[in-house]
Structures are given as C-alpha cells and as structure tokens.
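K.L.:
Before I ask anything, here is the structure I am working with.
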Amino acid sequence: MTDVESAVAQARAAAAWWSALPFPERRNRLLSWKRHLAAHCDDLAAVIRAETGKPHGDALLEIMLAVEHLDWAARNAGRVLRRRRVRSGLLAADHGAALEYRPVGVVGAIGPWNYPVYTPLGSISYALAAGNAVVFKPSEHTPKTGLWLAEAWSISVPEQPVLQVVTGAGETGAALCRSGVDKIAFTGSAATARKVMAACAETLTPLVVEGGGKDAMIVAADANLDSAAEAAAFGGFGNAGQTCAGVERIYVERAVYPAFLARLQAIAERLRPGDQDLSPYGRMTTPEQPEIVRGHVADAVARGGRAVVGGVESVRPPFISPVVLAEVPEDSTAVTEETFGPSVVVNPVDSLDQAVELANASRYGLAASVFSGDRRKALGVTRRLRAGAASVNSVLGFAAIPALPFGGLGDSGFGRIHGADGLREFSRAHSVAWRRFPAPMALMAFDREPAVLARAVRLFKLRHARGGK
C-alpha cells in the first residue's frame, strides 16, 4: 500500500518537528484546529449526516463533544506529561530522579463509522497533544468525514503534515498496522480487533482497542422511573442504537418493573425514524446491520421473549423502528451479542445483587448505568460492575467529561482514551536518574567493603523488618 507507506514516511518527519515544539506551541496549534472545527461545525455536520444518515442535530452534538475533548487535551497535555521530580528513596539517596512522558512517534488511528468524528478524535486529539503525528484511516463508510478533518488540520496547521488521512477498506487498515507506526488506536468490533492484533503482533506494534459493548442499565425500585425510561430510550434508540456505550440490556427490580416497562413502551411507540433533520434518529449506516438486528429480535421471540414494542417487522431497511423486548432468556443472542441497533431487552430482577450478577455475565465490559433515588447506593453498585465506565441517573454521562478516561475490558478492548490516561496512552514513560553527590555507602560496586554492606543491611532491617505502619 504505497499511499500508507508514503503517509507514514511523511508522518515520521512531521513527528520530529511536532514533538520538538514546546507544549504551549502545540497547544496553540491544536486550539487553532479546534476553532476551525467549531466555526465550520455546520459544514462538517452536513458531511457526517450524508455519510451516516444521522440527523443534523445529532451530528452537531457529536462535533461539540469531540471539540470539548480536543480543547481539554490541548490545554492539559503540558500539565499531565511534563517533567517532574520524584523521590529517590533510601538506597539511592545520592541520586536525583525525574520522570517525564515522551511521545511514541507516529500513531495509526483506525476509526469507526457510527461516530466518525467523536470516537476517532478521542484518540487523535490526545495523540496529537502528546506530541505524536497521526495517520488516520476512517471507516470505508465515512471517508469524506475523515478527509474533511485532515483538510481542516492542513488549513489550521499548514507547517507539517502532522495529521494525514488514508482511505480504504480492511486492507488499508492492515497495511497501516504493518507500516511501522509506533502504536495503533483501533475502534471497532472484537472480531476485527483480533485481526488487528494479529497484524500488529508481526512487528510487536502496541495498540489500544475500543471494542463493542452489551451495556447494561440497572433500575432500582427507588429510581425516578420517568427519568430512567427517558434515559433508557435515548441510550437504546439514539443514533439508531449504533452506540457502543449505549443501552442494550435493562434490569429492573421487580416491584417497579411493570411501571418502568409501561413508561418505556410509551416513549418507544412515539419514535419514528426518518431522513429528516428533526427525526429522532436516522437510518442504519451499513447495509449489514439490519439483518443482525432482525436475527437478534427473532431469536429473543423464538426463545419465549415478549415483543412489547415492535418485532421483526420493525426492521425495514435502511430504517428500524424501536424494538422493546421483555422477559428474554439470558442465553438469547439478544442478550449475549452486541445488537447495535434500536432494540433493548428489559428483564425483571429480584434484587440489585441479581442485577449486578446478570449485568456482569457478559464477555463485554464497556459501560453501564444505574438509576436510584439513593446516590450512595447507586455508586456502590457501580463499583461492583464489570465495566470501564458507569453513569448514575444518566446514560453516557462519562462521555461528555474530558477528564474521565474511557475504555473497556474483555471483548470491549483494553487501554484508555480521554483524560490524563488518554494522554499517557500515547506516550512512553522516560525515567532519568543522576548522581548528586558521592554515595555515603558505596554498594553498587564490585569492590564494596563488607563493613559497608553490613551497615546497609542493619539500616535495611531497621526500616523494613520491624513492625508498625
């Protein structure tokens, strides 16, 4: 793939210039790019809408969230990654020590189609702020969005091609993985992530993976059911359900299960997908996804689940009307597999303990949400959930907070983007020690005196072998 090879070669030279800039100069250039994105957000939203089918307002919201993260990364990289002194400890008291975080070099970013600006910029913004050059391969379904972002960068920061875009399908992504970049940031399915890992393994190229999710919402008996139902609808049906950290499973304490289900049903029955700017959500972005949704809904009903709203007839490509499934067996694909469509499963539970157990019984571990009138209780539940991020009395609340890292575990991936952890994800720790004065006890030498070692051992035992805190 000569285009990929050429882009990486140019990025290598650009990275040397970019990483040598002081943090304030990189910040100023990133903020210039940010201002361009904000000033031309309607133009970018139109491109997103044309490629994904989402309403203009949803595209604008995606851009606004992405810009908030870009702004935070630009303004906080110097504070998070700067050189800092660290304590040397007793055995190295004659030394000074410092730690700083250096850029890895060139980062290859492979982006998704469901949020073609917000999601990849969660890696790109932090990688750039950390001092790396980036070669970005957008999804083959949203190439124009990626090209728009790169053009905006070249206008805002014309000195060097620090951000470049290469377009194409899977073979382009594979070429990027094998191109000699210093790290890969991948967002996509677990199945594709395994292929990416295999390609990266050939050259021991490290990577960060944001995979899919089968995200659970838990509704306690003391929750505000109106708020919980509204959040469930937005998390489950927003963006046509094509949100990795949205809502696909809902576990409701039995005492309020009928009341919650009725509220969610009323909301879902009002929603009508369409191709208008004011439609609640738009079409499915890829031609394959409707059949996946149809299969999950059919399996749920065949196994004894109840279609409260919609059913297999809701799948009318390229649109899918909301589907609410109830009392679905936990071994149904509608519960175990990522549906990635406007379909949610709502099941009753006898207790919050059972809700946690069922929520955690998944190979995914990306996000979750808990609704309760007792915030302390809800926070206690979040600590028991096997998920990288959680919200209390909201869905996706963490996604709008740039200081919070984001990522999952299991089939939802590994590594973190966003926040200080996201900046460090695209950096390497660089440790330095220097001798400040002659060592009072020279231990790191072949000719050390036995008496010196004996004295050091006595001090060691006084410090570490005695009881106490």
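Going through the structure tokens in order, the chains are called A, B, and so on, while each chain numbers its residues from 1 and the ligands are numbered from 1 in the order shown.
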Using only C-alpha atoms, determine which residues lie at most 9 Å from stretch 145-157 of chain A, disregarding the query and same-chain residues fewer than 5 positions distant; provide the list as an MDAnalysis selection string.
P.N.:
chainID A and resid 29:30 32:37 44:45 47:48 51 111 116:117 136:139 162:167
K.L.:
Residues within 8 Å of A:Gly408, please, as a ChimeraX atom specification. Count only C-alpha atoms; anything in the same chain fewer than 3 positions from it doesn't count.
P.N.:
/A:210-211,364-367,387-389,411-416
K.L.:
Smallest atom-to-atom distance to A:Pro120: which of A:Gly212, A:Val345, A:Ile417, A:Met64, using only C-alpha atoms?
P.N.:
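Of the candidates, the smallest distance to A:Pro120 is held by A:Ile417.
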K.L.:
Neighbours of A:Arg12 within 10 Å (only C-alpha atoms; same-chain residues fewer than 4 positions away dropped), as a PyMOL selection string?
P.N.:
chain A and resi 6-8+16-18+105-107+132-134+161-162+180-182
K.L.:
So which bits of stretch 101-300 of chain A end up strand (DSSP E) when you DSSP the backbone, as a VMD selection string?
P.N.:
chain A and resid 101 to 103 106 to 110 133 to 137 163 to 165 183 to 187 207 to 210 216 to 219 249 to 253
K.L.:
Counting only C-alpha atoms, what is within 12 Å of stretch 458-466 of chain A, bar same-chain residues fewer than 2 positions away, as a list in words?
P.N.:
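Listed by chain and then number, they are Gly89, Leu90, Leu91, Met441, Ala451, Val452, Leu453, Ala454, Arg455, Ala456, Gly468 and Lys469 of chain A.
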K.L.:
For stretch 66-156 of chain A against stretch 397-405 of chain A, with a cut-off of 8 Å and counting only C-alpha atoms, what is the closest atom pair and its distance in Å to one decimal for every residue that makes the cut, ordered by chain and number, as a tab-separated table?
P.N.:
residue	atom	partner	partner_atom	distance
A:Glu68	CA	A:Pro402	CA	6.9
A:His69	CA	A:Pro402	CA	5.1
A:Trp72	CA	A:Pro402	CA	6.3
A:Ala73	CA	A:Pro402	CA	7.9
K.L.:
For A:Gly373, work out the shell of residues within 10 Å, counting only C-alpha atoms and skipping chain neighbours fewer than 3 positions away, then give it as a PyMOL selection string.
P.N.:
chain A and resi 219-225+376-378+392-393
K.L.:
Tell me which protein, DNA and RNA residues are within 7 Å of A:Gly53, counting only C-alpha atoms, leaving out same-chain ones fewer than 6 positions away, and put them as a list in words.
P.N.:
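Everything that qualifies: Asp275, Gly282, Arg283 and Thr285 of chain A.
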K.L.:
Would you export the selected residues with C-alpha atoms as a compact mmCIF listing (two decimals), in the first residue's frame, please?
P.N.:
# COMPACT_ATOMS: atom_id res chain seq x y z
CA ASP A 275 -34.40 11.02 6.99
CA GLY A 282 -31.97 8.10 11.11
CA ARG A 283 -31.18 5.09 9.00
CA THR A 285 -25.42 3.29 8.41
